[in-house]
$ cat target-v2.csv   # CSV, C-alpha atoms and all ligand atoms
chain,number,residue,atom,x,y,z
A,1,MET,CA,-8.0,-20.7,13.3
A,2,ALA,CA,-10.5,-18.2,11.7
A,3,LYS,CA,-11.9,-19.4,8.4
A,4,GLY,CA,-10.0,-18.0,5.4
A,5,ARG,CA,-11.5,-15.6,2.9
A,6,THR,CA,-10.5,-15.5,-0.7
A,7,VAL,CA,-10.8,-12.6,-3.0
A,8,GLU,CA,-10.4,-13.0,-6.8
A,9,ILE,CA,-8.8,-10.3,-8.8
A,10,LYS,CA,-9.2,-10.3,-12.6
A,11,THR,CA,-6.5,-8.7,-14.7
A,12,ALA,CA,-6.2,-8.3,-18.5
A,13,GLY,CA,-4.2,-11.6,-18.7
A,14,PHE,CA,-5.4,-13.8,-15.8
A,15,ALA,CA,-7.1,-13.9,-12.5
A,16,TYR,CA,-5.3,-14.3,-9.2
A,17,ARG,CA,-6.4,-14.9,-5.6
A,18,ALA,CA,-5.7,-13.1,-2.4
A,19,LEU,CA,-6.1,-15.5,0.5
A,20,ILE,CA,-6.7,-13.8,3.8
A,21,GLU,CA,-6.4,-16.2,6.8
A,22,ALA,CA,-4.9,-16.2,10.3
A,23,GLY,CA,-2.0,-18.7,10.0
A,24,ALA,CA,-1.9,-18.5,6.1
A,25,LEU,CA,1.9,-18.5,6.2
A,26,GLN,CA,1.7,-22.2,7.1
A,27,SER,CA,0.1,-22.9,3.7
A,28,LEU,CA,2.7,-21.0,1.6
A,29,GLY,CA,4.5,-24.0,0.2
A,30,ARG,CA,1.3,-25.9,-0.5
A,31,SER,CA,-0.4,-23.0,-2.2
A,32,MET,CA,2.6,-22.4,-4.4
A,33,ARG,CA,2.9,-26.1,-5.2
A,34,LEU,CA,-0.6,-26.0,-6.7
A,35,LEU,CA,0.2,-23.1,-8.9
A,36,PHE,CA,3.8,-23.5,-10.2
A,37,PRO,CA,5.5,-26.4,-12.0
A,38,SER,CA,8.9,-25.7,-10.5
A,39,THR,CA,11.0,-26.5,-7.4
A,40,GLU,CA,13.2,-23.4,-7.3
A,41,ALA,CA,12.1,-20.1,-5.7
A,42,LEU,CA,13.8,-17.0,-4.5
A,43,LEU,CA,12.5,-15.5,-1.2
A,44,VAL,CA,13.1,-11.8,-0.9
A,45,SER,CA,12.6,-10.2,2.5
A,46,ASP,CA,14.0,-7.4,4.7
A,47,ASP,CA,16.3,-8.1,7.7
A,48,ASN,CA,13.6,-7.1,10.1
A,49,VAL,CA,10.7,-9.3,8.7
A,50,PHE,CA,13.0,-12.2,7.9
A,51,GLY,CA,14.1,-12.3,11.6
A,52,LEU,CA,10.4,-12.7,12.6
A,53,TYR,CA,9.0,-14.9,9.9
A,54,GLY,CA,11.8,-16.1,7.7
A,55,ASP,CA,12.6,-19.4,9.3
A,56,MET,CA,9.0,-20.4,9.5
A,57,CYS,CA,8.5,-19.7,5.8
A,58,LEU,CA,11.6,-21.6,4.8
A,59,ARG,CA,10.4,-24.6,6.8
A,60,VAL,CA,6.9,-24.7,5.2
A,61,LEU,CA,8.4,-24.3,1.8
A,62,ALA,CA,11.0,-27.1,2.3
A,63,ARG,CA,8.2,-29.3,3.6
A,64,GLU,CA,6.6,-29.1,0.1
A,65,GLY,CA,9.8,-29.7,-1.7
A,66,TRP,CA,10.8,-26.2,-2.6
A,67,GLN,CA,14.4,-25.4,-2.9
A,68,VAL,CA,14.7,-21.8,-1.9
A,69,LYS,CA,17.5,-19.2,-1.9
A,70,THR,CA,17.0,-16.2,0.3
A,71,ALA,CA,17.9,-12.6,-0.6
A,72,LEU,CA,17.8,-10.1,2.2
A,73,VAL,CA,17.7,-6.4,1.9
A,74,ARG,CA,17.9,-3.7,4.6
A,75,SER,CA,14.6,-2.6,6.0
A,76,GLY,CA,13.5,0.8,4.8
A,77,GLU,CA,12.7,2.8,1.7
A,78,GLN,CA,16.4,3.1,0.6
A,79,SER,CA,16.2,-0.5,-0.5
A,80,LYS,CA,13.8,0.3,-3.3
A,81,SER,CA,16.7,1.2,-5.7
A,82,LEU,CA,18.2,-0.1,-8.9
A,83,ASP,CA,21.3,-1.0,-7.0
A,84,VAL,CA,19.4,-3.3,-4.7
A,85,ALA,CA,17.4,-4.6,-7.7
A,86,GLY,CA,20.8,-5.5,-9.3
A,87,TYR,CA,21.7,-7.6,-6.2
A,88,LEU,CA,18.4,-9.4,-6.6
A,89,TYR,CA,19.0,-10.1,-10.3
A,90,ASP,CA,22.4,-11.7,-9.3
A,91,MET,CA,20.6,-13.8,-6.7
A,92,ALA,CA,17.9,-14.8,-9.2
A,93,ALA,CA,20.6,-16.0,-11.6
A,94,GLU,CA,22.5,-17.8,-8.9
A,95,THR,CA,19.2,-19.6,-7.9
A,96,GLY,CA,18.7,-20.8,-11.4
A,97,LEU,CA,15.2,-19.4,-11.7
A,98,ASP,CA,13.4,-20.2,-14.9
A,99,ARG,CA,10.1,-18.7,-16.1
A,100,ASN,CA,8.1,-21.0,-13.9
A,101,SER,CA,10.1,-20.3,-10.7
A,102,PRO,CA,8.5,-17.8,-8.4
A,103,ILE,CA,9.9,-14.8,-6.5
A,104,ILE,CA,8.3,-14.6,-3.1
A,105,ALA,CA,8.1,-11.1,-1.5
A,106,LEU,CA,7.9,-11.5,2.3
A,107,GLY,CA,7.6,-8.1,3.9
A,108,GLY,CA,5.9,-4.7,3.6
A,109,GLY,CA,5.4,-2.5,0.6
A,110,VAL,CA,9.1,-1.8,0.1
A,111,VAL,CA,9.9,-5.5,-0.3
A,112,GLY,CA,6.7,-6.0,-2.4
A,113,ASP,CA,7.5,-3.1,-4.8
A,114,LEU,CA,11.2,-4.1,-5.1
A,115,ALA,CA,10.8,-7.9,-5.5
A,116,GLY,CA,7.8,-7.2,-7.8
A,117,PHE,CA,9.9,-5.0,-10.0
A,118,VAL,CA,12.6,-7.7,-10.3
A,119,ALA,CA,10.0,-10.4,-11.0
A,120,ALA,CA,8.5,-8.2,-13.7
A,121,THR,CA,11.8,-7.8,-15.5
A,122,TYR,CA,14.0,-10.9,-14.8
A,123,LEU,CA,13.6,-13.2,-17.8
A,124,ARG,CA,10.9,-10.7,-19.0
A,125,GLY,CA,8.8,-11.9,-16.1
A,126,VAL,CA,8.8,-14.7,-13.5
A,127,PRO,CA,5.8,-15.5,-11.2
A,128,LEU,CA,5.4,-13.2,-8.2
A,129,VAL,CA,4.0,-14.3,-4.9
A,130,MET,CA,3.2,-11.6,-2.4
A,131,VAL,CA,3.3,-12.3,1.3
A,132,PRO,CA,2.6,-8.8,2.7
A,133,THR,CA,3.3,-8.3,6.4
A,134,THR,CA,2.4,-4.7,7.1
A,135,LEU,CA,-1.3,-3.5,7.2
A,136,LEU,CA,-0.5,-1.1,4.4
A,137,SER,CA,0.9,-3.8,2.1
A,138,GLN,CA,-2.0,-6.2,3.0
A,139,VAL,CA,-4.7,-3.7,2.1
A,140,ASP,CA,-3.0,-1.8,-0.7
A,141,SER,CA,0.4,-2.4,-2.3
A,142,SER,CA,0.3,-6.2,-2.6
A,143,VAL,CA,-2.9,-6.1,-4.7
A,144,GLY,CA,-3.2,-4.3,-8.0
A,145,GLY,CA,0.1,-5.0,-9.7
A,146,LYS,CA,2.0,-1.7,-9.3
A,147,VAL,CA,5.7,-2.5,-8.9
A,148,ALA,CA,8.6,0.0,-8.8
A,149,VAL,CA,11.9,1.2,-7.5
A,150,ASN,CA,12.8,4.8,-6.8
A,151,HIS,CA,15.1,7.2,-8.7
A,152,SER,CA,17.2,10.0,-7.3
A,153,SER,CA,14.7,12.5,-8.9
A,154,GLY,CA,11.6,10.9,-7.4
A,155,LYS,CA,9.8,8.0,-5.8
A,156,ASN,CA,8.5,5.1,-7.9
A,157,LEU,CA,9.7,6.6,-11.1
A,158,ILE,CA,11.0,3.3,-12.6
A,159,GLY,CA,8.3,0.6,-12.6
A,160,SER,CA,5.6,-1.3,-14.3
A,161,PHE,CA,2.2,-2.9,-13.9
A,162,TYR,CA,2.9,-6.6,-13.1
A,163,PRO,CA,0.2,-8.5,-11.1
A,164,PRO,CA,1.2,-11.2,-8.7
A,165,ARG,CA,0.0,-14.8,-9.2
A,166,LEU,CA,-0.9,-15.2,-5.6
A,167,VAL,CA,-1.3,-13.0,-2.5
A,168,LEU,CA,-1.1,-14.7,0.8
A,169,ILE,CA,-2.3,-12.4,3.7
A,170,ASP,CA,-1.7,-13.6,7.2
A,171,PRO,CA,-3.3,-11.1,9.6
A,172,GLN,CA,-1.4,-12.8,12.5
A,173,THR,CA,1.8,-11.1,11.2
A,174,LEU,CA,0.3,-7.8,12.3
A,175,SER,CA,0.8,-8.8,16.0
A,176,THR,CA,4.5,-7.8,15.7
A,177,LEU,CA,3.9,-4.6,13.7
A,178,PRO,CA,4.7,-1.4,15.5
A,179,ARG,CA,1.6,0.6,16.4
A,180,ARG,CA,2.6,3.6,14.3
A,181,GLN,CA,2.7,1.4,11.2
A,182,LEU,CA,-0.7,-0.1,12.1
A,183,ILE,CA,-2.2,3.4,12.3
A,184,ALA,CA,-0.6,4.4,9.0
A,185,GLY,CA,-2.2,1.3,7.4
A,186,LEU,CA,-5.6,2.1,8.9
A,187,ALA,CA,-5.5,5.5,7.1
A,188,GLU,CA,-5.6,3.6,3.8
A,189,VAL,CA,-8.4,1.3,5.2
A,190,ILE,CA,-10.5,4.4,5.9
A,191,LYS,CA,-9.7,5.7,2.4
A,192,TYR,CA,-11.6,2.8,0.8
A,193,GLY,CA,-14.7,3.5,3.0
A,194,ILE,CA,-14.7,7.2,1.9
A,195,ILE,CA,-14.0,6.7,-1.9
A,196,GLU,CA,-15.7,3.5,-2.6
A,197,ASP,CA,-17.7,1.6,0.0
A,198,GLY,CA,-20.2,3.6,2.2
A,199,SER,CA,-21.3,0.6,4.2
A,200,PHE,CA,-17.7,-0.3,5.0
A,201,PHE,CA,-17.3,3.3,6.2
A,202,SER,CA,-20.3,3.0,8.6
A,203,ARG,CA,-18.8,-0.3,9.9
A,204,LEU,CA,-15.5,1.5,10.5
A,205,GLU,CA,-17.2,4.1,12.6
A,206,ASN,CA,-18.3,1.3,14.9
A,207,GLU,CA,-15.2,-0.8,14.7
A,208,LEU,CA,-12.3,1.6,14.8
A,209,GLU,CA,-11.5,1.1,18.4
A,210,ALA,CA,-11.3,-2.7,17.9
A,211,LEU,CA,-9.0,-2.1,14.9
A,212,LEU,CA,-6.8,0.2,17.0
A,213,GLN,CA,-6.5,-2.5,19.6
A,214,SER,CA,-5.6,-5.0,16.8
A,215,ASP,CA,-8.6,-7.3,17.4
A,216,PRO,CA,-7.8,-10.2,15.1
A,217,ALA,CA,-11.3,-10.9,13.7
A,218,THR,CA,-12.1,-7.2,13.1
A,219,LEU,CA,-8.7,-6.7,11.4
A,220,ALA,CA,-9.2,-9.7,9.1
A,221,ALA,CA,-12.7,-8.5,8.1
A,222,ALA,CA,-11.4,-5.0,7.5
A,223,ILE,CA,-8.5,-6.4,5.3
A,224,GLU,CA,-11.0,-8.4,3.3
A,225,SER,CA,-13.3,-5.4,2.7
A,226,SER,CA,-10.3,-3.3,1.7
A,227,VAL,CA,-8.9,-5.9,-0.7
A,228,CYS,CA,-12.4,-6.3,-2.2
A,229,SER,CA,-12.6,-2.5,-2.6
A,230,LYS,CA,-9.2,-2.3,-4.3
A,231,ALA,CA,-10.0,-5.2,-6.5
A,232,ARG,CA,-13.2,-3.5,-7.7
A,233,VAL,CA,-11.3,-0.4,-8.6
A,234,VAL,CA,-8.4,-2.1,-10.2
A,235,GLU,CA,-10.6,-4.4,-12.3
A,236,LYS,CA,-12.4,-1.4,-13.8
A,237,ASP,CA,-9.1,0.3,-14.7
A,238,GLU,CA,-6.0,-1.8,-14.3
A,239,PHE,CA,-3.6,0.6,-15.9
A,240,GLU,CA,-4.8,3.8,-14.2
A,241,LYS,CA,-6.3,5.6,-17.1
A,242,ASP,CA,-9.1,7.2,-15.0
A,243,HIS,CA,-11.1,5.3,-12.4
A,244,ARG,CA,-8.1,3.9,-10.5
A,245,ARG,CA,-7.0,7.5,-9.8
A,246,LEU,CA,-9.6,7.5,-7.0
A,247,LEU,CA,-7.1,5.5,-5.0
A,248,ASN,CA,-5.0,8.6,-4.9
A,249,PHE,CA,-7.4,10.2,-2.4
A,250,GLY,CA,-5.3,12.2,0.1
A,251,HIS,CA,-2.2,11.6,-2.0
A,252,THR,CA,-1.9,15.1,-3.7
A,253,ILE,CA,-1.2,17.0,-0.5
A,254,GLY,CA,0.1,13.8,1.2
A,255,HIS,CA,2.9,13.4,-1.4
A,256,ALA,CA,3.8,17.1,-1.1
A,257,LEU,CA,4.1,16.8,2.7
A,258,GLU,CA,6.3,13.7,2.3
A,259,ALA,CA,8.5,15.4,-0.3
A,260,ALA,CA,8.7,18.7,1.6
A,261,THR,CA,10.0,16.8,4.6
A,262,GLY,CA,12.6,14.7,2.7
A,263,TYR,CA,10.6,11.5,3.1
A,264,SER,CA,11.9,11.1,6.6
A,265,TYR,CA,9.3,12.7,8.9
A,266,TYR,CA,6.1,11.0,7.9
A,267,LEU,CA,5.1,7.4,7.2
A,268,HIS,CA,3.3,7.3,3.9
A,269,GLY,CA,-0.1,6.6,5.6
A,270,GLU,CA,0.4,9.5,8.1
A,271,ALA,CA,0.9,12.0,5.2
A,272,VAL,CA,-2.0,10.6,3.3
A,273,LEU,CA,-4.2,11.0,6.4
A,274,ALA,CA,-3.4,14.7,6.6
A,275,GLY,CA,-3.9,14.9,2.8
A,276,MET,CA,-7.4,13.2,3.0
A,277,ILE,CA,-8.6,15.6,5.7
A,278,ALA,CA,-7.4,18.5,3.6
A,279,ALA,CA,-9.1,17.1,0.5
A,280,VAL,CA,-12.4,16.8,2.5
A,281,ARG,CA,-12.0,20.5,3.4
A,282,ILE,CA,-11.6,21.4,-0.3
A,283,ALA,CA,-14.6,19.3,-1.2
A,284,LEU,CA,-16.6,21.1,1.4
A,285,ALA,CA,-15.5,24.6,0.3
A,286,LEU,CA,-16.4,23.7,-3.3
A,287,GLU,CA,-19.8,22.5,-2.0
A,288,MET,CA,-19.2,19.0,-3.4
A,289,VAL,CA,-20.0,17.3,-0.2
A,290,THR,CA,-22.5,18.1,2.6
A,291,ALA,CA,-21.3,19.5,5.9
A,292,ASP,CA,-22.8,16.4,7.7
A,293,ASP,CA,-20.8,13.9,5.5
A,294,ALA,CA,-17.6,16.0,5.7
A,295,GLU,CA,-18.0,16.0,9.5
A,296,ARG,CA,-18.4,12.2,9.6
A,297,MET,CA,-15.3,11.6,7.4
A,298,THR,CA,-13.2,14.1,9.3
A,299,SER,CA,-14.1,12.8,12.7
A,300,LEU,CA,-13.4,9.2,11.8
A,301,MET,CA,-10.0,10.1,10.4
A,302,GLU,CA,-9.2,12.3,13.4
A,303,ARG,CA,-9.8,9.3,15.7
A,304,LEU,CA,-6.6,7.8,14.2
A,305,GLY,CA,-4.6,10.8,15.5
A,306,VAL,CA,-3.3,13.2,12.9
A,307,LYS,CA,0.5,13.7,13.0
A,308,PRO,CA,1.3,17.3,13.5
A,309,ALA,CA,3.5,19.0,10.9
A,310,PRO,CA,7.1,19.8,11.8
A,311,PRO,CA,7.1,23.4,13.3
A,312,ALA,CA,9.5,24.8,10.6
A,313,LEU,CA,7.4,23.6,7.6
A,314,THR,CA,5.7,26.4,5.7
A,315,ALA,CA,2.7,26.4,3.3
A,316,GLU,CA,5.0,27.7,0.6
A,317,GLN,CA,7.3,24.7,0.9
A,318,VAL,CA,4.4,22.3,0.6
A,319,ILE,CA,2.8,24.2,-2.3
A,320,ASP,CA,6.2,24.2,-4.1
A,321,LYS,CA,6.2,20.4,-4.0
A,322,LEU,CA,2.6,20.3,-5.2
A,323,SER,CA,3.7,22.1,-8.4
A,324,HIS,CA,6.2,19.3,-9.1
A,325,ASP,CA,3.6,16.6,-8.7
A,326,LYS,CA,3.8,14.2,-11.6
A,327,LYS,CA,0.0,13.9,-11.6
A,328,ARG,CA,-0.8,17.6,-12.1
A,329,ARG,CA,-2.6,18.7,-15.3
A,330,GLY,CA,-1.0,21.9,-16.6
A,331,GLN,CA,-1.1,24.5,-13.8
A,332,ASP,CA,-3.9,22.7,-12.0
A,333,GLN,CA,-3.5,20.1,-9.3
A,334,ILE,CA,-5.5,16.9,-9.6
A,335,PHE,CA,-7.4,16.1,-6.5
A,336,VAL,CA,-9.6,13.2,-5.6
A,337,LEU,CA,-12.6,14.8,-3.7
A,338,PRO,CA,-15.4,12.9,-2.0
A,339,THR,CA,-18.9,13.7,-3.1
A,340,GLY,CA,-20.5,11.7,-0.3
A,341,ILE,CA,-19.7,8.7,1.9
A,342,GLY,CA,-18.4,6.0,-0.4
A,343,LYS,CA,-18.3,8.3,-3.5
A,344,ALA,CA,-15.5,10.4,-5.0
A,345,VAL,CA,-14.3,12.0,-8.2
A,346,SER,CA,-10.9,13.0,-9.5
A,347,LEU,CA,-10.7,16.5,-11.0
A,348,PRO,CA,-8.4,19.5,-11.5
A,349,VAL,CA,-8.6,22.2,-8.9
A,350,ASN,CA,-7.4,25.6,-9.9
A,351,ASP,CA,-8.3,27.6,-6.8
A,352,LYS,CA,-4.8,28.2,-5.5
A,353,ARG,CA,-5.9,30.2,-2.5
A,354,LEU,CA,-8.2,27.5,-1.3
A,355,ILE,CA,-5.4,24.9,-1.6
A,356,LYS,CA,-3.0,27.1,0.3
A,357,ARG,CA,-5.7,27.8,3.0
A,358,VAL,CA,-6.3,24.0,3.7
A,359,VAL,CA,-2.5,23.4,3.8
A,360,ALA,CA,-2.0,26.3,6.2
A,361,GLU,CA,-4.9,25.0,8.4
A,362,TYR,CA,-3.2,21.6,8.7
A,363,LEU,CA,0.2,23.2,9.4
A,364,SER,CA,-1.3,25.4,12.2
A,365,GLY,CA,-3.0,22.4,13.8
A,366,LYS,CA,-6.6,23.5,13.0
B,1,LIG,N1,2.6,-0.8,-5.2
B,1,LIG,C1,1.6,-0.1,-4.7
B,1,LIG,O1,0.5,-0.1,-5.2
B,1,LIG,C2,1.9,0.7,-3.4
B,1,LIG,C3,0.8,1.3,-2.7
B,1,LIG,C4,1.1,2.0,-1.6
B,1,LIG,C5,2.5,2.0,-1.1
B,1,LIG,N2,3.5,1.5,-1.8
B,1,LIG,C6,4.8,1.5,-1.4
B,1,LIG,O2,4.9,0.8,-0.2
B,1,LIG,C7,6.0,1.2,0.6
B,1,LIG,C8,5.7,1.4,2.0
B,1,LIG,O3,5.3,0.1,2.5
B,1,LIG,P1,5.1,-0.2,4.1
B,1,LIG,O4,4.4,0.9,4.7
B,1,LIG,O5,4.6,-1.6,4.2
B,1,LIG,O6,6.6,0.0,4.6
B,1,LIG,P2,7.9,-1.0,4.8
B,1,LIG,O7,7.9,-2.1,3.8
B,1,LIG,O8,9.1,-0.1,4.8
B,1,LIG,O9,7.6,-1.6,6.2
B,1,LIG,C9,7.6,-0.8,7.3
B,1,LIG,C10,8.5,-1.3,8.4
B,1,LIG,O10,7.8,-2.4,9.1
B,1,LIG,C11,8.7,-3.5,9.2
B,1,LIG,N3,7.8,-4.7,9.2
B,1,LIG,C12,7.1,-5.2,8.1
B,1,LIG,N4,6.3,-6.2,8.5
B,1,LIG,C13,6.4,-6.3,9.9
B,1,LIG,C14,5.8,-7.1,10.8
B,1,LIG,N5,4.9,-8.0,10.5
B,1,LIG,N6,6.2,-7.0,12.1
B,1,LIG,C15,7.2,-6.1,12.4
B,1,LIG,N7,7.8,-5.2,11.6
B,1,LIG,C16,7.4,-5.3,10.3
B,1,LIG,C17,9.6,-3.4,8.0
B,1,LIG,O11,10.8,-4.1,8.3
B,1,LIG,C18,9.8,-1.9,8.0
B,1,LIG,O12,10.8,-1.5,8.9
B,1,LIG,C19,6.5,2.5,-0.1
B,1,LIG,O13,7.7,2.3,-0.8
B,1,LIG,C20,5.4,2.9,-1.0
B,1,LIG,O14,5.8,3.6,-2.2
B,1,LIG,C21,3.2,0.8,-3.0
$ encode --input "target-v2.csv" --output "C-alpha cells"
Amino acid sequence: MAKGRTVEIKTAGFAYRALIEAGALQSLGRSMRLLFPSTEALLVSDDNVFGLYGDMCLRVLAREGWQVKTALVRSGEQSKSLDVAGYLYDMAAETGLDRNSPIIALGGGVVGDLAGFVAATYLRGVPLVMVPTTLLSQVDSSVGGKVAVNHSSGKNLIGSFYPPRLVLIDPQTLSTLPRRQLIAGLAEVIKYGIIEDGSFFSRLENELEALLQSDPATLAAAIESSVCSKARVVEKDEFEKDHRRLLNFGHTIGHALEAATGYSYYLHGEAVLAGMIAAVRIALALEMVTADDAERMTSLMERLGVKPAPPALTAEQVIDKLSHDKKRRGQDQIFVLPTGIGKAVSLPVNDKRLIKRVVAEYLSGK
C-alpha cells in the first residue's frame, strides 16, 4: 500500500486533516473513533456508490464499534434538493444523532454537498466526515467547506460554509469511476496548476498521460498537490471575500454553458474546461498573459479533449445566461484571468464583443 499523505487545512474555528491514501477506506472507523466521542453515525451515499463501497464501509465501521444507519439517495444532481435534505433530517432523527455524532458523506460532490448541508443545519451542526469518491470531489468539493442544495431558480442557492472534521480520500475508489468523470475531474486539477501552482503545472505537462491512464501513484500525487493548492487558497480567504474567487477560473463561461444547456449536456468539469480555454483567450486578447504561456495552458487543457458544444447552441443563448450570473458586478462579468503559469487575478471584464468572440470561437470548434 502506498504511503499516506496528510494535508492540514486551517479554518477560522479549527484545523482538519485530509488523509490521502490507497486503501484509506479501511481506516474509516478507526480515524473516526479517534475524533468523536460517540457511537452513532449516519452514512449518506448514493445508490451507485453504496453498491460499490457501502458494505465495506459498514464493515470497517462496525469493527470499531460504530452503530450506523444508512440513508441512500438517487445518484445525480436532482438529489441536491430540500426535499431530499428533508429525508436525511428524518433519518438523522431516527438514528438519534447528537452533536458529537458524525454524518459521513460517501460519494461524489452531490452527496458531499447534500450531506454537508444537512450536517451544517441538523442540531445547528453535527460533525461531517467527507469520503469523496469522484476525482472532482477528492480534489475540490470535499475540501473548503462549501455545502449546498439547489433551488428551482438556481444551483447551490441554499447553503453555507461548514468545514468537515475529516476528509478521507482513497484514490483506489477511482478505479471504478467512468472515464468521462475522471477527465472532468482532471480539468479541475489543471485549474490549480494554472491559477496557483506553476511547478505543479509543469509536472502535469509531463504526467497527463499517466493521469489519463489512471496510474495510481501519479493520481495520488496529483490529488495531494490539488488539495494543498485548494487548502492554501481557502486558508487565505475561507468565506470567499476575494482571494478564493480565483477558484472560479473557467466558471464564468462554464456556468453559462451548463445553464444554457439545462444542466444536462455537460459534466461540470467539461463546461469548466471550455470556460478555462475561453478565459485564457480573453487574457491573451487583453495582453495579460504572454502568447507562450497561453499556448502552454491551452495545449495542456486540449489534451483532455474539449467537449464540443451542442450544434443548436448559439452565442446569444450563452451570453444571456452570463448576464444572470450571480457573481457579475453591475453590467460587467467577473472573470478569473491567468497572468502567467501559476498566477491569476479576478476582475470585471466589460468588453462584451471580446466575450462574445471567445464564446463563438468555442461554439464553432475553433
Ligand atoms: N462544495 C464545493 O466546493 C463544490 C465544488 C465543485 C463542485 N461541487 C458540486 O459537486 C457536484 C458534482 O460532483 P461530482 O462531479 O462528484 O458528481 P456526482 O456526485 O454526481 O458523481 C458523479 C457520478 O459518479 C458516480 N460515482 C461516484 N463515485 C464513483 C466511483 N468511485 N465509482 C463509480 N461511480 C462513482 C456517482 O454515483 C454519480 O453517478 C455538483 O453538484 C457541484 O455543484 C461542489
$ closest_atom_pairs --input "target-v2.csv" --of "segment 94-175 of chain A" --to "segment 72-83 of chain A" --cutoff "8 Å" --atoms "all atoms listed in the file" --output "Markdown table"
| residue | atom | partner | partner_atom | distance |
| --- | --- | --- | --- | --- |
| A:Val110 | CA | A:Glu77 | CA | 6.1 |
| A:Val111 | CA | A:Lys80 | CA | 7.6 |
| A:Asp113 | CA | A:Lys80 | CA | 7.3 |
| A:Leu114 | CA | A:Lys80 | CA | 5.4 |
| A:Ala148 | CA | A:Lys80 | CA | 7.6 |
| A:Val149 | CA | A:Lys80 | CA | 4.7 |
| A:Asn150 | CA | A:Ser81 | CA | 5.4 |
| A:His151 | CA | A:Ser81 | CA | 6.9 |
$ closest_residue --input "target-v2.csv" --among "A:Leu247, A:Ile169, A:Ala222, A:Cys228" --to "Ala22 of chain A" --atoms "only C-alpha atoms"
A:Ile169
$ closest_atom_pairs --input "target-v2.csv" --of "chain A" --to "ligand LIG 1 (chain B)" --cutoff "6 Å" --atoms "all atoms listed in the file" --output "CSV"
residue,atom,partner,partner_atom,distance
A:Asp46,CA,B:LIG1,O11,5.8
A:Asn48,CA,B:LIG1,O11,4.5
A:Val49,CA,B:LIG1,O11,5.2
A:Ser75,CA,B:LIG1,O11,4.7
A:Gly76,CA,B:LIG1,O8,4.5
A:Glu77,CA,B:LIG1,O8,5.6
A:Gly107,CA,B:LIG1,C12,5.1
A:Gly108,CA,B:LIG1,O7,3.3
A:Gly109,CA,B:LIG1,O3,3.2
A:Val110,CA,B:LIG1,O7,3.9
A:Val111,CA,B:LIG1,O7,5.7
A:Asp113,CA,B:LIG1,N1,5.4
A:Thr133,CA,B:LIG1,N4,4.2
A:Thr134,CA,B:LIG1,N4,4.4
A:Leu136,CA,B:LIG1,O5,5.1
A:Ser137,CA,B:LIG1,O5,4.8
A:Asp140,CA,B:LIG1,C3,5.3
A:Ser141,CA,B:LIG1,C1,3.5
A:Lys146,CA,B:LIG1,N1,4.2
A:Val147,CA,B:LIG1,N1,5.1
A:Thr173,CA,B:LIG1,N5,4.4
A:Leu174,CA,B:LIG1,N5,4.9
A:Thr176,CA,B:LIG1,N6,4.1
A:Leu177,CA,B:LIG1,N6,3.7
$ residues_around --input "target-v2.csv" --residues "Glu8 of chain A" --least-positions-apart "2" --cutoff "10 Å" --atoms "all atoms listed in the file" --output "PyMOL selection string"
chain A and resi 6+10-11+15-19+166+227-228+231-232
$ closest_residue --input "target-v2.csv" --among "A:Ala278, A:Ala309, A:Arg5, A:Leu300" --to "Lys356 of chain A" --atoms "all atoms listed in the file"
A:Ala278
$ residues_around --input "target-v2.csv" --residues "Leu58 of chain A" --least-positions-apart "5" --cutoff "9 Å" --atoms "all atoms listed in the file" --output "PDB file with C-alpha atoms, in the coordinates of the input"
ATOM      1  CA  GLY A  29       4.500 -24.000   0.200  1.00  0.00           C
ATOM      2  CA  LEU A  43      12.500 -15.500  -1.200  1.00  0.00           C
ATOM      3  CA  TYR A  53       9.000 -14.900   9.900  1.00  0.00           C
ATOM      4  CA  ARG A  63       8.200 -29.300   3.600  1.00  0.00           C
ATOM      5  CA  TRP A  66      10.800 -26.200  -2.600  1.00  0.00           C
ATOM      6  CA  VAL A  68      14.700 -21.800  -1.900  1.00  0.00           C
ATOM      7  CA  THR A  70      17.000 -16.200   0.300  1.00  0.00           C
TER       8      THR A  70
END
$ residues_around --input "target-v2.csv" --residues "segment 330-335 of chain A" --least-positions-apart "5" --cutoff "6 Å" --atoms "only C-alpha atoms" --output "ChimeraX atom specification"
/A:346-350
$ residues_around --input "target-v2.csv" --residues "Tyr122 of chain A" --least-positions-apart "4" --cutoff "10 Å" --atoms "all atoms listed in the file" --output "ChimeraX atom specification"
/A:88-89,92-93,97-99,117-118,126
$ closest_residue --input "target-v2.csv" --among "A:His324, A:Asp47, A:Ala217, A:Gly145" --to "Asp237 of chain A" --atoms "all atoms listed in the file"
A:Gly145
$ build_atoms --input "target-v2.csv" --residues "segment 284-291 of chain A" --atoms "N, CA and C atoms" --output "compact mmCIF listing (two decimals), in the frame of the given file"
# COMPACT_ATOMS: atom_id res chain seq x y z
N LEU A 284 -15.61 20.37 0.71
CA LEU A 284 -16.60 21.10 1.40
C LEU A 284 -16.70 22.55 0.95
N ALA A 285 -15.53 23.17 0.78
CA ALA A 285 -15.50 24.60 0.30
C ALA A 285 -16.08 24.70 -1.08
N LEU A 286 -15.89 23.67 -1.90
CA LEU A 286 -16.40 23.70 -3.30
C LEU A 286 -17.88 23.21 -3.32
N GLU A 287 -18.43 22.95 -2.15
CA GLU A 287 -19.80 22.50 -2.00
C GLU A 287 -20.09 21.19 -2.81
N MET A 288 -19.09 20.32 -2.78
CA MET A 288 -19.20 19.00 -3.40
C MET A 288 -19.73 17.96 -2.47
N VAL A 289 -19.65 18.26 -1.19
CA VAL A 289 -20.00 17.30 -0.20
C VAL A 289 -20.82 18.05 0.90
N THR A 290 -21.76 17.38 1.55
CA THR A 290 -22.50 18.10 2.60
C THR A 290 -21.70 18.25 3.85
N ALA A 291 -22.07 19.23 4.65
CA ALA A 291 -21.30 19.50 5.90
C ALA A 291 -21.44 18.23 6.81
